[in-house]
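Engineer: Coordinates in model-v3.txt, compact mmCIF, C-alpha atoms, are listed below.
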# COMPACT_ATOMS: atom_id res chain seq x y z
CA MET A 1 -1.84 -13.08 24.61
CA THR A 2 1.85 -12.19 24.69
CA ILE A 3 3.51 -13.06 21.38
CA GLN A 4 7.19 -12.69 20.51
CA LEU A 5 9.02 -13.05 17.20
CA SER A 6 10.97 -15.99 18.62
CA ASP A 7 7.78 -18.04 19.23
CA HIS A 8 6.54 -21.02 17.26
CA PHE A 9 3.48 -19.80 15.36
CA THR A 10 0.32 -21.86 15.18
CA TYR A 11 -2.54 -20.64 12.99
CA LYS A 12 -4.18 -19.11 16.05
CA LYS A 13 -1.05 -17.31 17.21
CA LEU A 14 -0.25 -16.16 13.66
CA PHE A 15 -3.77 -14.83 13.24
CA TRP A 16 -3.60 -12.73 16.39
CA TYR A 17 -0.14 -11.44 15.51
CA VAL A 18 -0.93 -10.32 11.96
CA LEU A 19 -4.49 -9.13 12.64
CA PRO A 20 -3.41 -5.65 13.82
CA SER A 21 -1.32 -5.20 10.66
CA ILE A 22 -4.25 -6.24 8.47
CA LEU A 23 -6.66 -3.91 10.23
CA LEU A 24 -4.03 -1.19 10.13
CA MET A 25 -3.67 -1.45 6.36
CA ILE A 26 -7.45 -1.50 5.92
CA PHE A 27 -7.85 1.69 7.93
CA THR A 28 -4.96 3.27 6.04
CA SER A 29 -6.65 2.46 2.75
CA LEU A 30 -9.84 4.10 4.01
CA TYR A 31 -8.21 7.54 3.87
CA SER A 32 -8.66 7.92 0.14
CA VAL A 33 -11.88 5.87 0.11
CA VAL A 34 -13.56 8.24 2.56
CA ASP A 35 -12.28 11.23 0.61
CA GLY A 36 -13.77 9.73 -2.52
CA PHE A 37 -17.13 9.04 -0.88
CA PHE A 38 -17.63 12.58 0.41
CA VAL A 39 -16.25 14.26 -2.71
CA SER A 40 -18.36 12.10 -5.03
CA ASN A 41 -21.60 12.68 -3.11
CA PHE A 42 -21.15 16.27 -1.91
CA VAL A 43 -18.89 17.94 -4.49
CA GLY A 44 -19.49 16.12 -7.75
CA LYS A 45 -18.23 13.74 -10.40
CA THR A 46 -15.55 16.08 -11.77
CA SER A 47 -13.89 16.51 -8.36
CA PHE A 48 -14.16 12.77 -7.77
CA ALA A 49 -12.43 12.10 -11.09
CA ALA A 50 -9.75 14.66 -10.16
CA ILE A 51 -8.82 12.75 -6.99
CA ASN A 52 -8.58 9.50 -8.95
CA LEU A 53 -6.50 11.12 -11.67
CA VAL A 54 -3.91 12.64 -9.32
CA MET A 55 -3.88 9.92 -6.62
CA PRO A 56 -1.51 7.54 -8.46
CA PHE A 57 1.03 10.36 -8.66
CA LEU A 58 0.73 11.03 -4.91
CA MET A 59 1.02 7.36 -4.01
CA GLY A 60 3.98 6.95 -6.34
CA ILE A 61 5.95 9.57 -4.42
CA SER A 62 5.01 8.03 -1.06
CA THR A 63 6.61 4.71 -2.02
CA VAL A 64 9.88 5.88 -0.43
CA GLY A 65 8.18 5.24 2.92
CA PHE A 66 7.25 1.71 1.86
CA MET A 67 10.81 1.09 0.72
CA PHE A 68 12.46 2.12 3.98
CA GLY A 69 9.71 0.50 6.04
CA THR A 70 9.87 -2.96 4.49
CA GLY A 71 13.56 -3.02 3.59
CA GLY A 72 14.72 -1.38 6.81
CA SER A 73 12.49 -3.45 9.09
CA ALA A 74 13.89 -6.67 7.59
CA ILE A 75 17.43 -5.52 8.41
CA VAL A 76 16.55 -4.31 11.92
CA SER A 77 14.55 -7.49 12.64
CA MET A 78 17.42 -9.71 11.47
CA THR A 79 19.89 -7.69 13.58
CA LEU A 80 17.67 -8.18 16.63
CA GLY A 81 17.59 -11.91 15.87
CA GLN A 82 21.40 -11.89 15.98
CA GLY A 83 21.29 -10.38 19.50
CA LYS A 84 22.65 -6.93 18.51
CA SER A 85 19.94 -4.68 19.98
CA ASP A 86 22.03 -1.49 20.27
CA LEU A 87 23.13 -1.72 16.64
CA ALA A 88 19.55 -2.45 15.58
CA ASN A 89 18.40 0.79 17.23
CA ARG A 90 21.11 2.79 15.50
CA TYR A 91 20.00 1.34 12.17
CA PHE A 92 16.37 2.10 13.03
CA SER A 93 17.11 5.73 13.93
CA LEU A 94 19.12 6.32 10.76
CA ILE A 95 16.32 4.94 8.58
CA VAL A 96 13.69 7.15 10.24
CA TYR A 97 15.74 10.34 9.85
CA ALA A 98 16.62 9.55 6.23
CA THR A 99 12.97 8.92 5.36
CA PHE A 100 11.85 12.29 6.70
CA ILE A 101 14.62 14.22 4.93
CA LEU A 102 13.84 12.56 1.60
CA GLY A 103 10.17 13.26 2.25
CA LEU A 104 10.86 16.99 2.42
CA VAL A 105 12.66 16.89 -0.92
CA PHE A 106 9.92 14.94 -2.67
CA SER A 107 7.24 17.15 -1.13
CA LEU A 108 8.74 20.23 -2.77
CA LEU A 109 9.15 18.49 -6.12
CA GLY A 110 5.58 17.22 -5.98
CA ILE A 111 4.14 20.67 -5.37
CA ILE A 112 6.07 21.99 -8.37
CA PHE A 113 5.09 19.24 -10.83
CA THR A 114 1.47 18.44 -9.86
CA GLU A 115 -0.04 20.65 -12.55
CA LYS A 116 2.28 19.38 -15.29
CA VAL A 117 1.48 15.75 -14.42
CA ALA A 118 -2.28 16.39 -14.48
CA ILE A 119 -2.02 18.10 -17.87
CA PHE A 120 0.04 15.22 -19.25
CA PHE A 121 -2.70 12.75 -18.36
CA GLY A 122 -5.42 14.74 -20.04
CA ALA A 123 -6.82 17.03 -17.35
CA THR A 124 -8.21 20.35 -18.60
CA GLY A 125 -10.51 23.08 -17.33
CA ASP A 126 -12.22 22.41 -14.00
CA LEU A 127 -10.78 18.90 -13.81
CA LEU A 128 -7.25 20.34 -13.98
CA LYS A 129 -7.97 22.96 -11.30
CA GLU A 130 -9.31 20.33 -8.91
CA CYS A 131 -6.29 18.07 -9.51
CA VAL A 132 -3.89 20.89 -8.65
CA VAL A 133 -5.75 21.95 -5.50
CA TYR A 134 -5.96 18.42 -4.07
CA GLY A 135 -2.45 17.39 -5.10
CA ARG A 136 -0.58 20.42 -3.78
CA ILE A 137 -2.30 20.36 -0.38
CA TYR A 138 -1.62 16.63 -0.08
CA PHE A 139 2.08 17.13 -0.87
CA ILE A 140 2.44 19.48 2.11
CA PHE A 141 1.88 16.44 4.32
CA MET A 142 3.97 14.01 2.24
CA PRO A 143 7.05 13.79 4.57
CA ILE A 144 4.77 12.87 7.48
CA PHE A 145 2.87 10.38 5.34
CA MET A 146 6.14 8.65 4.47
CA LEU A 147 6.90 8.31 8.19
CA GLN A 148 3.43 6.92 8.83
CA VAL A 149 3.84 4.29 6.13
CA MET A 150 7.34 3.40 7.37
CA PHE A 151 6.32 3.05 11.04
CA GLN A 152 3.64 0.52 10.12
CA SER A 153 6.39 -2.02 9.46
CA PHE A 154 8.55 -1.03 12.45
CA PHE A 155 5.72 -1.34 14.97
CA VAL A 156 5.55 -5.01 14.01
CA VAL A 157 9.31 -5.39 14.55
CA ALA A 158 8.86 -3.66 17.93
CA GLU A 159 6.34 -6.39 18.81
CA LYS A 160 3.67 -3.68 19.20
CA PRO A 161 1.36 -4.16 16.21
CA ASN A 162 -1.62 -3.21 18.39
CA TYR A 163 -0.12 0.23 19.01
CA SER A 164 0.13 0.85 15.31
CA LEU A 165 -3.47 -0.25 14.86
CA ILE A 166 -4.70 2.13 17.56
CA VAL A 167 -2.81 5.07 16.06
CA THR A 168 -4.13 4.29 12.60
CA ILE A 169 -7.72 3.95 13.81
CA VAL A 170 -7.54 7.30 15.58
CA ALA A 171 -6.02 8.90 12.47
CA GLY A 172 -8.65 7.30 10.23
CA VAL A 173 -11.58 8.35 12.42
CA ALA A 174 -10.23 11.91 12.54
CA ASN A 175 -10.01 11.89 8.75
CA MET A 176 -13.60 10.66 8.39
CA ILE A 177 -15.03 13.19 10.83
CA LEU A 178 -13.14 16.10 9.30
CA ASP A 179 -14.17 15.01 5.79
CA TYR A 180 -17.77 15.52 6.86
CA VAL A 181 -17.01 18.80 8.64
CA PHE A 182 -14.82 20.33 5.91
CA ILE A 183 -16.81 19.10 2.90
CA ALA A 184 -20.44 18.71 3.99
CA LEU A 185 -20.61 21.48 6.62
CA PHE A 186 -17.95 24.05 5.66
CA ASP A 187 -18.34 23.47 1.91
CA TRP A 188 -14.57 23.59 1.29
CA GLY A 189 -14.91 21.21 -1.65
CA ILE A 190 -11.96 19.11 -2.73
CA ALA A 191 -9.58 21.19 -0.60
CA GLY A 192 -11.52 20.07 2.48
CA ALA A 193 -10.87 16.43 1.56
CA ALA A 194 -7.15 17.10 1.26
CA TYR A 195 -6.94 18.95 4.60
CA ALA A 196 -8.94 16.23 6.38
CA THR A 197 -6.55 13.60 5.08
CA GLY A 198 -3.61 15.78 6.12
CA VAL A 199 -4.78 15.92 9.74
CA GLY A 200 -5.13 12.13 9.79
CA ILE A 201 -1.65 11.79 8.34
CA CYS A 202 -0.19 14.03 11.07
CA ILE A 203 -1.70 11.83 13.76
CA GLY A 204 -0.45 8.66 12.09
CA GLY A 205 3.05 10.03 11.47
CA PHE A 206 3.91 12.08 14.56
CA VAL A 207 2.52 9.86 17.34
CA PRO A 208 4.97 7.00 16.53
CA VAL A 209 7.87 9.50 16.59
CA PHE A 210 6.97 10.53 20.14
CA TYR A 211 6.52 6.89 21.16
CA PHE A 212 9.87 5.66 19.88
CA PHE A 213 11.75 8.66 21.28
CA ARG A 214 10.71 7.55 24.78
CA GLN A 215 13.56 5.55 26.25
CA HIS A 216 11.18 3.37 28.28
CA ASN A 217 8.56 2.51 25.68
CA SER A 218 8.42 -1.24 26.50
CA SER A 219 9.62 -2.24 23.03
CA PRO A 220 13.05 -3.30 21.72
CA LEU A 221 13.24 -0.22 19.45
CA ARG A 222 14.28 3.32 20.39
CA LEU A 223 14.89 6.49 18.40
CA GLY A 224 18.09 8.25 19.37
CA LYS A 225 21.66 8.86 18.34
CA THR A 226 22.99 7.15 15.25
CA SER A 227 25.85 7.22 12.79
CA PHE A 228 25.86 7.29 9.04
CA TYR A 229 25.72 3.67 7.87
CA GLY A 230 25.75 4.12 4.13
CA ARG A 231 25.75 0.40 3.52
CA ILE A 232 22.61 -0.03 5.64
CA LEU A 233 20.77 2.73 3.80
CA VAL A 234 21.70 1.17 0.49
CA LYS A 235 20.69 -2.28 1.75
CA SER A 236 17.38 -0.89 3.02
CA CYS A 237 16.75 0.60 -0.41
CA THR A 238 17.70 -2.52 -2.35
CA ASN A 239 15.95 -4.88 0.05
CA GLY A 240 12.81 -2.76 0.16
CA ALA A 241 12.98 -1.92 -3.53
CA SER A 242 10.49 -4.64 -4.35
CA GLU A 243 7.77 -3.04 -2.21
CA MET A 244 8.69 0.42 -3.48
CA VAL A 245 8.72 -0.79 -7.07
CA SER A 246 5.43 -2.56 -6.49
CA ASN A 247 3.74 0.58 -5.20
CA LEU A 248 5.51 2.91 -7.61
CA SER A 249 4.72 0.70 -10.57
CA ALA A 250 1.11 0.45 -9.43
CA SER A 251 0.98 4.24 -9.42
CA VAL A 252 2.53 4.52 -12.88
CA VAL A 253 0.22 1.84 -14.22
CA GLY A 254 -2.72 3.56 -12.52
CA MET A 255 -1.90 6.72 -14.42
CA LEU A 256 -1.66 4.70 -17.63
CA TYR A 257 -5.06 3.11 -16.97
CA ASN A 258 -6.51 6.58 -16.42
CA PHE A 259 -4.91 7.71 -19.66
CA GLN A 260 -6.52 4.83 -21.59
CA LEU A 261 -9.88 5.38 -19.91
CA MET A 262 -9.82 9.08 -20.77
CA LYS A 263 -9.09 8.05 -24.33
CA TYR A 264 -11.88 5.45 -24.64
CA VAL A 265 -14.72 6.76 -22.42
CA GLY A 266 -13.57 10.04 -20.85
CA GLU A 267 -14.27 11.30 -17.34
CA ASN A 268 -16.79 8.52 -16.59
CA GLY A 269 -14.12 5.90 -17.16
CA VAL A 270 -11.74 7.52 -14.68
CA ALA A 271 -14.52 7.74 -12.11
CA ALA A 272 -15.47 4.07 -12.63
CA TYR A 273 -11.83 2.98 -12.30
CA GLY A 274 -11.58 5.04 -9.13
CA VAL A 275 -14.51 3.23 -7.52
CA LEU A 276 -13.07 -0.17 -8.40
CA MET A 277 -9.69 0.87 -7.02
CA TYR A 278 -11.35 1.92 -3.75
CA ALA A 279 -12.83 -1.55 -3.44
CA SER A 280 -9.53 -3.17 -4.36
CA PHE A 281 -7.65 -1.05 -1.79
CA THR A 282 -9.39 -2.99 0.97
CA ILE A 283 -8.61 -6.38 -0.56
CA VAL A 284 -4.98 -5.50 -1.29
CA ALA A 285 -4.75 -4.08 2.24
CA ILE A 286 -5.65 -7.51 3.63
CA PHE A 287 -2.96 -9.22 1.57
CA THR A 288 -0.41 -6.50 2.33
CA GLY A 289 -1.30 -6.45 6.01
CA TYR A 290 -0.76 -10.19 6.37
CA THR A 291 2.55 -9.94 4.51
CA MET A 292 3.71 -6.96 6.56
CA GLY A 293 2.69 -8.63 9.83
CA SER A 294 4.31 -11.98 9.09
CA SER A 295 7.50 -10.73 7.39
CA PRO A 296 9.40 -9.81 10.60
CA ILE A 297 8.72 -13.32 11.90
CA VAL A 298 10.35 -14.81 8.80
CA SER A 299 13.27 -12.36 9.02
CA TYR A 300 13.83 -13.12 12.70
CA HIS A 301 13.98 -16.88 12.22
CA PHE A 302 16.07 -16.47 9.10
CA GLY A 303 18.59 -14.48 11.16
CA ALA A 304 18.39 -17.11 13.94
CA LYS A 305 18.83 -19.92 11.36
CA ASN A 306 15.65 -21.65 12.56
CA HIS A 307 14.70 -23.58 9.41
CA ASP A 308 11.83 -25.46 11.03
CA GLU A 309 9.99 -22.21 11.74
CA LEU A 310 10.78 -20.95 8.22
CA LYS A 311 9.06 -24.06 6.83
CA ASN A 312 6.15 -23.48 9.17
CA MET A 313 5.70 -19.85 8.07
CA PHE A 314 6.03 -20.75 4.39
CA LYS A 315 3.37 -23.46 4.48
CA LYS A 316 0.94 -21.43 6.53
CA GLY A 317 1.41 -18.33 4.38
CA LEU A 318 0.84 -20.22 1.14
CA PHE A 319 -2.32 -21.88 2.48
CA ILE A 320 -3.77 -18.67 3.93
CA MET A 321 -3.16 -16.68 0.75
CA SER A 322 -4.67 -19.37 -1.49
CA ILE A 323 -7.86 -19.93 0.49
CA GLY A 324 -8.21 -16.29 1.46
CA SER A 325 -7.99 -15.16 -2.17
CA LEU A 326 -10.84 -17.43 -3.22
CA ILE A 327 -13.08 -16.30 -0.36
CA LEU A 328 -12.42 -12.61 -1.01
CA VAL A 329 -13.23 -12.92 -4.71
CA LEU A 330 -16.58 -14.52 -3.90
CA VAL A 331 -17.36 -11.79 -1.36
CA CYS A 332 -16.45 -9.04 -3.85
CA GLU A 333 -18.61 -10.48 -6.60
CA PHE A 334 -21.59 -10.82 -4.25
CA PHE A 335 -21.40 -7.30 -2.78
CA LEU A 336 -20.22 -5.45 -5.89
CA GLN A 337 -23.54 -3.78 -6.77
CA PRO A 338 -24.23 -2.18 -3.35
CA ILE A 339 -20.58 -1.12 -2.96
CA VAL A 340 -20.61 0.68 -6.31
CA ALA A 341 -23.96 2.31 -5.53
CA ILE A 342 -22.45 4.00 -2.46
CA PHE A 343 -20.24 6.07 -4.74
CA THR A 344 -22.21 6.34 -7.96
CA GLY A 345 -25.87 5.94 -7.02
CA TYR A 346 -26.60 9.40 -8.44
CA ASP A 347 -25.57 8.33 -11.98
CA SER A 348 -27.04 5.10 -13.44
CA THR A 349 -24.75 5.10 -16.48
CA LEU A 350 -21.64 5.36 -14.30
CA THR A 351 -22.97 2.66 -11.97
CA GLU A 352 -23.61 0.25 -14.84
CA MET A 353 -20.15 0.81 -16.29
CA THR A 354 -18.46 0.30 -12.92
CA VAL A 355 -20.34 -2.89 -12.05
CA SER A 356 -19.64 -4.38 -15.48
CA GLY A 357 -15.92 -3.67 -15.13
CA GLY A 358 -15.79 -4.92 -11.57
CA ARG A 359 -17.24 -8.33 -12.50
CA ILE A 360 -14.18 -8.83 -14.67
CA CYS A 361 -11.29 -7.16 -12.89
CA PHE A 362 -12.06 -8.55 -9.41
CA LEU A 363 -11.13 -12.01 -10.72
CA SER A 364 -7.54 -10.79 -10.48
CA PHE A 365 -7.69 -11.20 -6.70
CA LEU A 366 -7.41 -14.96 -7.21
CA PHE A 367 -3.71 -14.35 -7.91
CA THR A 368 -2.92 -11.03 -6.22
CA GLY A 369 -2.52 -12.46 -2.72
CA ILE A 370 0.07 -15.06 -3.74
CA ASN A 371 2.02 -12.41 -5.65
CA ILE A 372 2.12 -9.88 -2.81
CA TRP A 373 2.96 -12.50 -0.19
CA GLY A 374 5.60 -14.15 -2.40
CA SER A 375 7.40 -10.88 -3.01
CA GLY A 376 7.26 -10.02 0.70
CA PHE A 377 8.53 -13.47 1.64
CA PHE A 378 11.72 -12.95 -0.36
CA THR A 379 12.11 -9.47 1.14
CA SER A 380 11.99 -11.12 4.57
CA LEU A 381 14.80 -13.42 3.47
CA ASN A 382 16.81 -10.33 2.44
CA ASN A 383 16.65 -11.37 -1.20
CA GLY A 384 15.68 -8.02 -2.66
CA LEU A 385 16.60 -9.09 -6.19
CA VAL A 386 14.00 -11.85 -6.49
CA SER A 387 11.43 -9.85 -4.55
CA GLY A 388 12.00 -6.86 -6.80
CA LEU A 389 11.79 -8.95 -9.96
CA ILE A 390 8.41 -10.35 -8.92
CA SER A 391 7.15 -6.85 -8.16
CA VAL A 392 8.48 -5.31 -11.37
CA LEU A 393 6.95 -8.02 -13.53
CA ARG A 394 3.65 -8.00 -11.66
CA THR A 395 3.00 -4.31 -11.27
CA PHE A 396 4.85 -2.85 -14.22
CA VAL A 397 6.02 -5.04 -17.10
CA PHE A 398 2.99 -7.31 -17.42
CA GLN A 399 0.55 -4.50 -16.64
CA ILE A 400 1.95 -2.17 -19.28
CA ILE A 401 2.04 -4.87 -21.96
CA VAL A 402 -1.57 -5.93 -21.45
CA ILE A 403 -3.02 -2.42 -20.97
CA LEU A 404 -1.49 -1.32 -24.26
CA ILE A 405 -2.59 -4.40 -26.22
CA LEU A 406 -5.95 -5.63 -24.90
CA PRO A 407 -7.96 -2.36 -25.20
CA ALA A 408 -6.99 -2.17 -28.86
CA ILE A 409 -8.62 -5.59 -29.33
CA PHE A 410 -11.53 -5.62 -26.85
CA GLY A 411 -12.15 -1.91 -26.25
CA LEU A 412 -13.26 -0.94 -22.73
CA ASN A 413 -13.51 -4.57 -21.55
CA GLY A 414 -9.89 -5.04 -22.58
CA ILE A 415 -8.90 -2.55 -19.86
CA TRP A 416 -10.64 -4.66 -17.21
CA TYR A 417 -9.28 -7.97 -18.55
CA ALA A 418 -5.77 -6.50 -18.55
CA ILE A 419 -5.73 -6.44 -14.74
CA VAL A 420 -6.61 -10.14 -14.53
CA LEU A 421 -4.10 -11.30 -17.13
CA ALA A 422 -1.23 -9.34 -15.58
CA GLU A 423 -1.81 -10.89 -12.14
CA LEU A 424 -2.10 -14.37 -13.65
CA LEU A 425 1.23 -14.05 -15.47
CA ALA A 426 2.89 -12.74 -12.31
CA CYS A 427 1.51 -15.67 -10.31
CA PHE A 428 3.30 -18.12 -12.60
CA VAL A 429 6.58 -16.27 -11.98
CA THR A 430 6.03 -16.14 -8.21
CA VAL A 431 5.37 -19.88 -7.95
CA ILE A 432 8.47 -20.68 -10.01
CA PHE A 433 10.69 -18.62 -7.67
CA LEU A 434 9.12 -20.07 -4.51
CA VAL A 435 9.78 -23.62 -5.74
CA SER A 436 13.28 -22.84 -7.04
CA TYR A 437 14.59 -21.32 -3.78
CA ARG A 438 13.17 -23.83 -1.28
CA LYS A 439 16.40 -25.77 -0.87
CA LYS A 440 18.60 -22.67 -0.67
CA TYR A 441 16.70 -21.12 2.25
CA GLY A 442 15.46 -24.33 3.82
CA TYR A 443 11.76 -23.54 3.91
Represent the structure of the file as structure tokens.

Structural biologist:
Amino acid sequence: MTIQLSDHFTYKKLFWYVLPSILLMIFTSLYSVVDGFFVSNFVGKTSFAAINLVMPFLMGISTVGFMFGTGGSAIVSMTLGQGKSDLANRYFSLIVYATFILGLVFSLLGIIFTEKVAIFFGATGDLLKECVVYGRIYFIFMPIFMLQVMFQSFFVVAEKPNYSLIVTIVAGVANMILDYVFIALFDWGIAGAAYATGVGICIGGFVPVFYFFRQHNSSPLRLGKTSFYGRILVKSCTNGASEMVSNLSASVVGMLYNFQLMKYVGENGVAAYGVLMYASFTIVAIFTGYTMGSSPIVSYHFGAKNHDELKNMFKKGLFIMSIGSLILVLVCEFFLQPIVAIFTGYDSTLTEMTVSGGRICFLSFLFTGINIWGSGFFTSLNNGLVSGLISVLRTFVFQIIVILILPAIFGLNGIWYAIVLAELLACFVTVIFLVSYRKKYGY
């Protein structure tokens, strides 16, 4: 089925268009999940906790790729909708080059500060050593990872979401195979997990570069010569700030959760939180994938001033997120025990703690989908301010308030309830903005 951004989208057509983006995000999320599985079962609980302790720091740095991907793709998509294809390609090229250069800078800074960050959040002894090994190897590949994350959005704009899915599957399979080879066969420990992920990242980041540099790649986007459009870079940053803030805040909050867990229950708490985050990665990937896949459609019709299709995308998105959230929560609750056992079956105490926490915190998915989609919807409309406000409140302000207060009242369970309450509060804000701006944008 040939689908273009200019089409009218039925549920069937929308499903087939966003499916590659959803699968892509799921496979992307599997990178760290597979690392965690092999490290937990073949290296040990300390190394597993080390990955979970340092991962929020790594993901926080990578948010630059999310920022340029979501913010830049909205601008490029809107420019294509206005019929300015040559200018859109110049914008696209500038954004790609800027992302890689910034990636090099952040890679160097990350290598320098990994140890200090791990110490700050309570790592000592063997736990600290493992954090440093994994983090520094991962940062070597950070510029390429930023490109990989960024290209996920631009493949959708290029009307080639299937290409992105194929690249991501190949990268993910390579990561899984090499995890087994490096960890189980070569006994490289946590370093093997980092190198396996690095190879997958190289596949996911470099293949799109080669594709878009081809002048006859059958898509509307090409990498080539550009000029310095300072205004476009700034607009990409401000427009994509919501997604960057969302991911960055999630990383900061993740570090804060780890800090509280180390304080209340120690290494076991960090490991339990890590398992629950692995499960949530897949659910959030579904919400994010739908948002990423549908956002260029909204941006295109916004640029073309097609209000009927904006209304269509708004109604369908709201319905899909609402029903999908309920279904996913029920699935998570039903399969929680066997999922946890995959990672912690060797430790009954850790398994019991993780299952108990999961029963509570997975209720947050009732609201997460609406929040992610709502923020992305405003990004598509080039309203970075509202999108950013939703993200900041959801992933930072509300999370920090509840994680500092509830554990003091309810102990360990307060940490799990904090996730639910923060998403609920953010959902109220998201709904208020969606209702308030309907007349302005005509959806």

Engineer: Could you list, as a PyMOL selection string, every residue within 9 Å of Phe139 in chain A, counting only C-alpha atoms and ignoring same-chain residues fewer than 4 positions away?

Structural biologist: chain A and resi 58+106-111+134-135+143

Engineer: Out of A:Gly442, A:Gly83, A:Gly205, A:Pro296, which residue has the shortest atom-to-atom distance to Thr99 in chain A when counting only C-alpha atoms?

Structural biologist: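 Of the candidates, the smallest distance to Thr99 in chain A is held by A:Gly205.
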
Engineer: By how many Å are CA of Arg394 in chain A and CA of Met244 in chain A apart?

Structural biologist: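 Straight-line distance from CA of Arg394 in chain A to CA of Met244 in chain A works out to 12.8 Å.
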
Engineer: Check the smallest atom-to-atom distance from each of A:Gly69, A:Pro20, A:Gly60, A:Gly204 to Val173 in chain A using all atoms listed in the file, then report the winner.

Structural biologist: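 Ranking A:Gly69, A:Pro20, A:Gly60, A:Gly204 by distance to Val173 in chain A, first place goes to A:Gly204.
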
Engineer: Write out as a ChimeraX atom specification which residues come within 12 Å of Lys311 in chain A when counting only C-alpha atoms, dropping same-chain ones fewer than 6 positions away.

Structural biologist: /A:8-9,297-298,301-302,305,317-318,377,438-439,441-443

Engineer: One number please: CA of Leu366 in chain A to CA of Ser325 in chain A, in Å, one decimal.

Structural biologist: 5.1 Å

Engineer: What lies within 8 Å of range 342-353 of chain A using all atoms listed in the file, ignoring chain neighbours under 4 positions off, as a ChimeraX atom specification?

Structural biologist: /A:36-37,40-41,268-269,271-272,275,338,357

Engineer: So which residues touch Ala422 in chain A within 8 Å, counting only C-alpha atoms, skipping near sequence neighbours fewer than 6 positions away, as a PyMOL selection string?

Structural biologist: chain A and resi 394-395+398-399+402

Engineer: With C-alpha atoms retained, export the selected residues as a compact mmCIF listing (two decimals), keeping the file's coordinate frame.

Structural biologist:
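Generated output (out.txt):
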# COMPACT_ATOMS: atom_id res chain seq x y z
CA ARG A 394 3.65 -8.00 -11.66
CA THR A 395 3.00 -4.31 -11.27
CA PHE A 398 2.99 -7.31 -17.42
CA GLN A 399 0.55 -4.50 -16.64
CA VAL A 402 -1.57 -5.93 -21.45

Engineer: Nearest residue to Pro161 in chain A out of A:Leu19, A:Val43, A:Leu128, A:Val284, using only C-alpha atoms?

Structural biologist: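 Looking only at the distances to Pro161 in chain A, the closest residue turns out to be A:Leu19.
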
Engineer: Taking into account all atoms listed in the file, which residue in the set A:Ser77, A:Thr63, A:Ser391, A:Asn239 is nearest to Met142 in chain A?

Structural biologist: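 Residue with the minimum atom-to-atom distance to Met142 in chain A: A:Thr63.
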
Engineer: With only C-alpha atoms as the atoms that count, which of A:Ile75, A:Leu406, A:Ile140, A:Leu425 lies nearest to Val105 in chain A?

Structural biologist: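 Of all the options, A:Ile140 lies closest to Val105 in chain A.
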
Engineer: Using all atoms listed in the file, determine which residues lie at most 10 Å from Tyr97 in chain A, disregarding the query and same-chain residues fewer than 5 positions distant; provide the list as a list in words.

Structural biologist: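 Here the answer would be Phe92, Leu102, Gly103, Leu147, Leu223 and Thr226 of chain A.
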
Engineer: Keeping C-alpha atoms, export the residues of the selection given above as a PDB file, in the frame of the given file.

Structural biologist:
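The resulting file, part.pdb, is shown below:
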ATOM      1  CA  PHE A  92      16.370   2.100  13.030  1.00  0.00           C
ATOM      2  CA  LEU A 102      13.840  12.560   1.600  1.00  0.00           C
ATOM      3  CA  GLY A 103      10.170  13.260   2.250  1.00  0.00           C
ATOM      4  CA  LEU A 147       6.900   8.310   8.190  1.00  0.00           C
ATOM      5  CA  LEU A 223      14.890   6.490  18.400  1.00  0.00           C
ATOM      6  CA  THR A 226      22.990   7.150  15.250  1.00  0.00           C
TER       7      THR A 226
END

Engineer: Using all atoms listed in the file, pick whichever of A:Phe145, A:Ala123, A:Leu393, A:Ile112 has the shortest atom-to-atom distance to Cys202 in chain A.

Structural biologist: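 The shortest atom-to-atom distance to Cys202 in chain A comes from A:Phe145.
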